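Here is input33.cif, consisting of mmCIF, C-alpha atoms and all ligand atoms:
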data_input
#
loop_
_atom_site.group_PDB
_atom_site.id
_atom_site.type_symbol
_atom_site.label_atom_id
_atom_site.label_comp_id
_atom_site.auth_asym_id
_atom_site.auth_seq_id
_atom_site.Cartn_x
_atom_site.Cartn_y
_atom_site.Cartn_z
ATOM 1 C CA MET A 1 100.558 123.429 66.708
ATOM 2 C CA SER A 2 101.389 119.815 65.920
ATOM 3 C CA GLU A 3 104.927 120.484 67.146
ATOM 4 C CA ALA A 4 103.411 121.173 70.529
ATOM 5 C CA PHE A 5 101.655 117.781 70.640
ATOM 6 C CA TRP A 6 104.884 116.104 69.737
ATOM 7 C CA ALA A 7 106.794 117.983 72.458
ATOM 8 C CA LEU A 8 104.087 117.165 74.994
ATOM 9 C CA GLY A 9 104.136 113.508 74.013
ATOM 10 C CA ARG A 10 107.893 113.393 74.384
ATOM 11 C CA ALA A 11 108.034 115.230 77.700
ATOM 12 C CA SER A 12 105.250 113.158 79.232
ATOM 13 C CA GLY A 13 107.091 110.021 78.109
ATOM 14 C CA VAL A 14 110.184 111.029 80.074
ATOM 15 C CA VAL A 15 108.071 111.903 83.127
ATOM 16 C CA LEU A 16 106.389 108.501 82.798
ATOM 17 C CA LEU A 17 109.723 106.711 82.890
ATOM 18 C CA VAL A 18 110.581 108.488 86.135
ATOM 19 C CA LEU A 19 107.148 108.002 87.748
ATOM 20 C CA MET A 20 106.831 104.351 86.773
ATOM 21 C CA THR A 21 110.316 103.638 88.064
ATOM 22 C CA ILE A 22 109.574 105.272 91.419
ATOM 23 C CA SER A 23 106.270 103.428 91.581
ATOM 24 C CA MET A 24 108.033 100.096 90.951
ATOM 25 C CA LEU A 25 110.609 100.825 93.646
ATOM 26 C CA LEU A 26 107.988 101.900 96.194
ATOM 27 C CA GLY A 27 105.869 98.863 95.352
ATOM 28 C CA MET A 28 108.768 96.582 96.120
ATOM 29 C CA VAL A 29 109.512 98.431 99.375
ATOM 30 C CA THR A 30 105.823 98.033 100.283
ATOM 31 C CA ARG A 31 106.191 94.324 99.703
ATOM 32 C CA SER A 32 109.157 94.206 102.063
ATOM 33 C CA GLY A 33 107.053 95.643 104.881
ATOM 34 C CA ARG A 34 109.793 98.073 105.827
ATOM 35 C CA PRO A 35 109.725 101.816 106.371
ATOM 36 C CA LEU A 36 111.823 103.824 103.921
ATOM 37 C CA LEU A 37 114.313 106.144 105.615
ATOM 38 C CA HIS A 38 111.963 108.554 107.373
ATOM 39 C CA LEU A 39 108.857 107.489 105.511
ATOM 40 C CA PRO A 40 106.703 105.179 107.652
ATOM 41 C CA ARG A 41 105.218 102.033 106.154
ATOM 42 C CA PHE A 42 101.798 103.523 105.521
ATOM 43 C CA GLY A 43 103.586 106.442 103.818
ATOM 44 C CA VAL A 44 105.323 104.015 101.481
ATOM 45 C CA VAL A 45 101.980 102.404 100.589
ATOM 46 C CA LEU A 46 100.371 105.820 100.046
ATOM 47 C CA ALA A 47 103.258 107.099 97.946
ATOM 48 C CA HIS A 48 103.212 103.943 95.824
ATOM 49 C CA ARG A 49 99.504 104.338 95.191
ATOM 50 C CA ASN A 50 99.573 108.062 94.504
ATOM 51 C CA ILE A 51 102.581 107.998 92.203
ATOM 52 C CA ALA A 52 101.047 105.108 90.278
ATOM 53 C CA LEU A 53 97.830 107.114 89.894
ATOM 54 C CA LEU A 54 99.802 110.193 88.861
ATOM 55 C CA SER A 55 101.432 108.174 86.125
ATOM 56 C CA ILE A 56 97.944 107.355 84.807
ATOM 57 C CA VAL A 57 97.431 111.106 84.395
ATOM 58 C CA PHE A 58 100.680 111.429 82.458
ATOM 59 C CA LEU A 59 99.847 108.328 80.455
ATOM 60 C CA THR A 60 96.615 109.984 79.364
ATOM 61 C CA VAL A 61 98.533 113.110 78.315
ATOM 62 C CA HIS A 62 101.158 110.974 76.576
ATOM 63 C CA VAL A 63 98.716 108.931 74.525
ATOM 64 C CA GLY A 64 96.328 111.831 73.943
ATOM 65 C CA SER A 65 98.966 114.197 72.606
ATOM 66 C CA LEU A 66 100.435 111.590 70.284
ATOM 67 C CA LEU A 67 96.973 110.756 68.950
ATOM 68 C CA LEU A 68 96.630 114.422 68.041
ATOM 69 C CA ASP A 69 100.124 114.651 66.558
ATOM 70 C CA PRO A 70 99.733 114.112 62.780
ATOM 71 C CA TYR A 71 103.341 112.927 62.422
ATOM 72 C CA ALA A 72 102.876 110.042 64.827
ATOM 73 C CA GLN A 73 100.157 108.626 62.506
ATOM 74 C CA LEU A 74 98.505 106.928 65.432
ATOM 75 C CA ARG A 75 94.973 105.593 65.038
ATOM 76 C CA LEU A 76 92.598 105.055 67.904
ATOM 77 C CA ALA A 77 92.886 101.288 67.486
ATOM 78 C CA ASP A 78 96.663 101.486 67.973
ATOM 79 C CA VAL A 79 96.100 102.724 71.508
ATOM 80 C CA LEU A 80 94.476 99.437 72.505
ATOM 81 C CA ILE A 81 95.634 96.850 69.980
ATOM 82 C CA PRO A 82 99.406 96.398 69.879
ATOM 83 C CA PHE A 83 101.644 95.937 66.832
ATOM 84 C CA GLY A 84 99.253 97.271 64.162
ATOM 85 C CA ALA A 85 100.495 100.844 63.822
ATOM 86 C CA ALA A 86 101.285 102.255 60.405
ATOM 87 C CA LYS A 87 104.562 103.741 61.581
ATOM 88 C CA SER A 88 107.123 101.624 63.513
ATOM 89 C CA PRO A 89 104.551 98.977 64.574
ATOM 90 C CA LEU A 90 106.941 97.150 66.881
ATOM 91 C CA ALA A 91 108.080 100.179 68.888
ATOM 92 C CA VAL A 92 104.554 101.624 69.082
ATOM 93 C CA GLY A 93 103.211 98.165 69.891
ATOM 94 C CA LEU A 94 105.407 97.934 72.981
ATOM 95 C CA GLY A 95 103.844 101.182 74.153
ATOM 96 C CA THR A 96 100.370 99.826 73.454
ATOM 97 C CA ALA A 97 101.126 96.643 75.368
ATOM 98 C CA ALA A 98 102.406 98.706 78.285
ATOM 99 C CA PHE A 99 99.275 100.886 78.120
ATOM 100 C CA ASP A 100 96.991 97.843 78.262
ATOM 101 C CA LEU A 101 98.907 96.342 81.176
ATOM 102 C CA MET A 102 98.852 99.640 83.027
ATOM 103 C CA ILE A 103 95.065 99.933 82.653
ATOM 104 C CA ALA A 104 94.551 96.343 83.822
ATOM 105 C CA ILE A 105 96.870 96.766 86.805
ATOM 106 C CA THR A 106 95.272 100.047 87.842
ATOM 107 C CA ILE A 107 91.662 98.869 87.554
ATOM 108 C CA THR A 108 92.298 95.637 89.457
ATOM 109 C CA ALA A 109 94.197 97.557 92.136
ATOM 110 C CA MET A 110 91.322 99.984 92.601
ATOM 111 C CA LEU A 111 88.785 97.163 92.696
ATOM 112 C CA ARG A 112 90.902 94.814 94.801
ATOM 113 C CA ARG A 113 88.419 94.855 97.658
ATOM 114 C CA TRP A 114 85.723 93.492 95.366
ATOM 115 C CA ILE A 115 87.566 91.227 92.975
ATOM 116 C CA GLY A 116 89.516 89.502 95.728
ATOM 117 C CA ARG A 117 93.138 89.213 96.576
ATOM 118 C CA ARG A 118 93.993 86.417 94.191
ATOM 119 C CA VAL A 119 93.030 88.252 91.030
ATOM 120 C CA PHE A 120 94.530 91.496 92.313
ATOM 121 C CA ARG A 121 97.893 89.913 93.060
ATOM 122 C CA ALA A 122 98.043 87.868 89.884
ATOM 123 C CA VAL A 123 97.418 90.959 87.760
ATOM 124 C CA HIS A 124 99.653 93.143 89.910
ATOM 125 C CA TRP A 125 102.539 90.795 89.167
ATOM 126 C CA ALA A 126 102.344 91.981 85.562
ATOM 127 C CA SER A 127 104.066 95.165 86.756
ATOM 128 C CA TYR A 128 107.315 93.270 86.445
ATOM 129 C CA ALA A 129 106.558 92.839 82.744
ATOM 130 C CA LEU A 130 105.087 96.302 82.301
ATOM 131 C CA TRP A 131 108.155 98.181 83.456
ATOM 132 C CA PRO A 132 110.727 96.684 81.045
ATOM 133 C CA ILE A 133 108.231 96.826 78.157
ATOM 134 C CA ALA A 134 107.654 100.529 78.842
ATOM 135 C CA VAL A 135 111.397 101.250 79.031
ATOM 136 C CA LEU A 136 111.988 99.391 75.783
ATOM 137 C CA HIS A 137 109.167 101.374 74.193
ATOM 138 C CA GLY A 138 110.834 104.622 75.273
ATOM 139 C CA ILE A 139 114.185 103.630 73.819
ATOM 140 C CA THR A 140 112.862 102.233 70.541
ATOM 141 C CA ASN A 141 110.025 104.685 69.899
ATOM 142 C CA GLY A 142 111.154 107.947 71.473
ATOM 143 C CA SER A 143 112.422 110.616 69.084
ATOM 144 C CA ASP A 144 115.423 110.926 71.408
ATOM 145 C CA GLY A 145 115.138 107.389 72.718
ATOM 146 C CA ARG A 146 118.700 106.573 71.773
ATOM 147 C CA SER A 147 120.183 109.920 72.786
ATOM 148 C CA GLY A 148 122.749 110.030 75.593
ATOM 149 C CA PRO A 149 120.646 111.629 78.333
ATOM 150 C CA PHE A 150 117.651 109.354 77.820
ATOM 151 C CA LEU A 151 119.808 106.245 77.736
ATOM 152 C CA ILE A 152 121.560 107.340 80.930
ATOM 153 C CA LEU A 153 118.200 107.983 82.617
ATOM 154 C CA SER A 154 116.933 104.571 81.501
ATOM 155 C CA ALA A 155 120.144 102.909 82.681
ATOM 156 C CA VAL A 156 119.963 104.527 86.116
ATOM 157 C CA ALA A 157 116.304 103.496 86.401
ATOM 158 C CA ALA A 158 117.159 99.948 85.334
ATOM 159 C CA VAL A 159 120.023 99.666 87.845
ATOM 160 C CA LEU A 160 117.701 100.806 90.651
ATOM 161 C CA VAL A 161 114.861 98.462 89.708
ATOM 162 C CA VAL A 162 117.190 95.498 89.234
ATOM 163 C CA ALA A 163 119.006 96.231 92.513
ATOM 164 C CA VAL A 164 115.815 96.471 94.565
ATOM 165 C CA GLY A 165 114.394 93.507 92.623
ATOM 166 C CA ALA A 166 117.469 91.445 93.524
ATOM 167 C CA TRP A 167 117.120 92.466 97.150
ATOM 168 C CA ARG A 168 113.488 91.342 96.995
ATOM 169 C CA LEU A 169 114.693 87.846 96.153
ATOM 170 C CA THR A 170 117.131 87.630 99.061
ATOM 171 C CA GLU A 171 116.529 86.165 102.488
ATOM 172 C CA GLY A 172 116.786 89.444 104.374
ATOM 173 C CA PHE A 173 114.095 91.172 102.333
ATOM 174 C CA VAL A 174 111.160 90.845 104.690
ATOM 175 C CA GLU A 175 111.289 92.238 108.161
ATOM 176 C CA HIS A 176 111.612 89.891 111.116
ATOM 177 C CA ARG A 177 113.142 87.288 108.852
ATOM 178 C CA ARG A 178 115.235 85.928 111.661
ATOM 179 C CA SER A 179 112.457 85.489 114.180
ATOM 180 C CA ARG A 180 110.260 84.011 111.454
ATOM 181 C CA THR A 181 112.661 81.244 110.495
ATOM 182 C CA GLU A 182 113.982 80.482 113.985
ATOM 183 C CA PRO A 183 111.777 78.982 116.648
ATOM 184 C CA ALA A 184 110.421 81.595 118.995
ATOM 185 C CA ARG A 185 111.984 81.796 122.401
ATOM 186 C CA MET B 1 76.307 99.646 118.211
ATOM 187 C CA SER B 2 80.036 100.138 118.234
ATOM 188 C CA GLU B 3 82.504 98.788 115.755
ATOM 189 C CA SER B 4 85.833 97.131 115.968
ATOM 190 C CA LEU B 5 88.720 96.668 113.608
ATOM 191 C CA HIS B 6 89.208 93.005 112.886
ATOM 192 C CA ILE B 7 92.589 91.580 111.907
ATOM 193 C CA ASP B 8 92.412 88.465 109.770
ATOM 194 C CA TRP B 9 95.678 86.815 110.790
ATOM 195 C CA THR B 10 95.367 84.225 108.055
ATOM 196 C CA ARG B 11 95.746 86.990 105.476
ATOM 197 C CA CYS B 12 98.083 89.308 107.357
ATOM 198 C CA ARG B 13 101.784 88.925 106.743
ATOM 199 C CA GLY B 14 102.845 91.340 109.431
ATOM 200 C CA ARG B 15 103.731 94.218 107.182
ATOM 201 C CA GLY B 16 103.153 96.579 110.064
ATOM 202 C CA VAL B 17 101.198 99.332 108.300
ATOM 203 C CA CYS B 18 98.218 99.157 110.637
ATOM 204 C CA VAL B 19 100.349 99.283 113.776
ATOM 205 C CA GLU B 20 101.680 102.663 112.687
ATOM 206 C CA LEU B 21 98.151 103.991 112.288
ATOM 207 C CA MET B 22 96.338 102.545 115.275
ATOM 208 C CA ALA B 23 97.508 103.310 118.777
ATOM 209 C CA GLY B 24 95.719 100.275 120.163
ATOM 210 C CA LEU B 25 97.839 97.795 118.205
ATOM 211 C CA ARG B 26 101.325 96.508 118.875
ATOM 212 C CA ARG B 27 103.570 94.132 116.991
ATOM 213 C CA ASP B 28 104.434 90.733 118.327
ATOM 214 C CA GLU B 29 107.958 89.403 117.934
ATOM 215 C CA TRP B 30 107.224 88.249 114.372
ATOM 216 C CA GLY B 31 105.925 91.640 113.375
ATOM 217 C CA TYR B 32 102.264 90.646 113.411
ATOM 218 C CA PRO B 33 99.742 93.066 114.849
ATOM 219 C CA VAL B 34 97.919 92.236 118.053
ATOM 220 C CA VAL B 35 95.496 94.300 120.047
ATOM 221 C CA VAL B 36 97.350 95.706 123.056
ATOM 222 C CA GLY B 37 94.925 94.046 125.434
ATOM 223 C CA GLY B 38 95.160 90.810 123.394
ATOM 224 C CA GLY B 39 93.112 89.336 120.582
ATOM 225 C CA SER B 40 92.395 90.334 117.014
ATOM 226 C CA ASP B 41 89.477 92.753 117.449
ATOM 227 C CA LEU B 42 90.283 96.331 118.303
ATOM 228 C CA PRO B 43 87.334 98.419 119.537
ATOM 229 C CA ILE B 44 87.450 101.708 117.647
ATOM 230 C CA ALA B 45 87.684 104.724 119.916
ATOM 231 C CA PRO B 46 85.534 107.757 118.932
ATOM 232 C CA GLY B 47 88.399 109.785 117.425
ATOM 233 C CA GLU B 48 89.975 106.836 115.667
ATOM 234 C CA ARG B 49 87.437 106.026 112.998
ATOM 235 C CA GLU B 50 89.405 107.832 110.283
ATOM 236 C CA ALA B 51 92.705 106.229 111.200
ATOM 237 C CA ALA B 52 90.962 102.865 111.138
ATOM 238 C CA GLU B 53 89.563 103.582 107.675
ATOM 239 C CA ASP B 54 93.067 104.448 106.481
ATOM 240 C CA ALA B 55 94.387 101.218 107.929
ATOM 241 C CA VAL B 56 91.682 99.181 106.176
ATOM 242 C CA ALA B 57 92.395 100.941 102.881
ATOM 243 C CA LEU B 58 96.175 100.733 103.091
ATOM 244 C CA CYS B 59 96.757 97.224 104.388
ATOM 245 C CA PRO B 60 98.606 95.687 101.436
ATOM 246 C CA LEU B 61 96.999 92.310 102.042
ATOM 247 C CA LEU B 62 93.377 93.317 102.659
ATOM 248 C CA ALA B 63 93.582 91.725 106.073
ATOM 249 C CA LEU B 64 91.630 94.382 107.949
ATOM 250 C CA SER B 65 87.880 94.876 108.132
ATOM 251 C CA PHE B 66 85.231 96.493 110.268
ATOM 252 C CA ARG B 67 83.044 94.340 112.412
ATOM 253 C CA PRO B 68 80.248 95.162 114.758
ATOM 254 C CA SER B 69 81.681 94.541 118.193
ATOM 255 C CA SER B 70 79.826 92.262 120.505
ATOM 256 C CA ALA B 71 78.320 94.314 123.290
ATOM 257 C CA ALA B 72 80.652 94.292 126.225
HETATM 258 S S1 LIG C 201 98.706 96.311 107.577
HETATM 259 FE FE1 LIG C 201 97.744 94.377 107.034
HETATM 260 S S2 LIG C 201 99.415 92.985 106.558
HETATM 261 FE FE2 LIG C 201 100.244 94.732 107.623
HETATM 262 S S3 LIG C 201 100.353 94.094 109.735
HETATM 263 FE FE3 LIG C 201 98.447 95.194 109.459
HETATM 264 S S4 LIG C 201 96.953 93.632 108.969
HETATM 265 FE FE4 LIG C 201 98.951 92.712 108.700
#
Target format structure tokens, applied to this file:
Amino acid sequence: MSEAFWALGRASGVVLLVLMTISMLLGMVTRSGRPLLHLPRFGVVLAHRNIALLSIVFLTVHVGSLLLDPYAQLRLADVLIPFGAAKSPLAVGLGTAAFDLMIAITITAMLRRWIGRRVFRAVHWASYALWPIAVLHGITNGSDGRSGPFLILSAVAAVLVVAVGAWRLTEGFVEHRRSRTEPAR
Amino acid sequence: MSESLHIDWTRCRGRGVCVELMAGLRRDEWGYPVVVGGGSDLPIAPGEREAAEDAVALCPLLALSFRPSSAA
């Protein structure tokens, strides 16, 4: 039975890497204000939101199954307080930190209408920290974290996030850049 | 009392989401939404309430809100 928890924890971790990467990419496309291929702008916003929420579901499975797995030796406190785990505290701690950030980002996003834009955006920025922390957690803590396939998956995800992130920093990122910087005619 | 969809241009950054959802909006040359007839208050047509709710919920910058429209 405990093997099953371990397998579930592992599988959900891989799914989380994929979902969180897609969510990051869609979030950055949302920020650009552009449609994505055939997906209209509101579709990009919706997809970003729904995939982010779906990753909360997988995060619950991920943490829940590893709490139940006796080999992981995870205590309830380790889910919320980073770097105190009995087994590989650093690698588990990265996961805990990512978990905390994810909860904060999700709650503030859902309450953004009430807490105001400033708080929402400030917390939402933490996504740029969350993503690398989560990837590092996967590599250092995953049973197959340093296996070929997982490293390749992480590398592909990293290339995509860095590429879109670099584009985000360029001049041409937002739509109508030209008409916004030149005087209107 | 009827309602209109109000665009707060000070918050909006012209991301264009609302224009895709509301037929009564168009984009100006900077990408910002304007009501087709002009102005920043779009009266909501009977069948458009849901689309307007989507627009309010999905605007990435929380720039849209419902307002009671002044009787015309
Ligand atoms: S969705 Fe929001 S930010 Fe985008 S154009 Fe409409 S009001 Fe502006």
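For ligand LIG 201 (chain C), the neighbouring polymer residues at 6 Å or closer are Ile7, Cys12, Arg13, Gly14, Arg15, Gly16, Val17, Cys18, Tyr32, Pro33, Cys59, Pro60, Leu61, Ala63 and Leu64 of chain B, only C-alpha atoms and all ligand atoms being used.
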Selection result of the PyMOL selection byres ((chain A) within 8 of (chain B)) on this file, as an MDAnalysis selection string:
chainID A and resid 30:34 40:42 45:46 113 117 175:176 179:180
List the spatial neighbours of region 44-47 of chain B as a ChimeraX atom specification - criterion: any atom at most 7 Å away, all atoms listed in the file, same-chain residues fewer than 2 positions off excluded.
/B:3-5,42,49
In Å, rounded to a single decimal, give me how far CA of Met110 (chain A) is from CA of Ile133 (chain A).
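Interatomic distance, CA of Ile133 (chain A) to CA of Met110 (chain A): 22.5 Å.
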CA of Ala166 (chain A) and CA of Met24 (chain A) are how many Å apart?
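That distance, rounded to one decimal, is 13.1 Å.
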Find the distance between CA of Trp125 (chain A) and CA of Leu101 (chain A) and write it in Å to one decimal.
10.4 Å
Pull the neighbourhood of (107.4, 106.6, 87.9) for me: all residues within 12 Å in file coordinates, counting only C-alpha atoms, as a PyMOL selection string.
chain A and resi 12-27+47-59+127+130-131+134-135+154+157+161
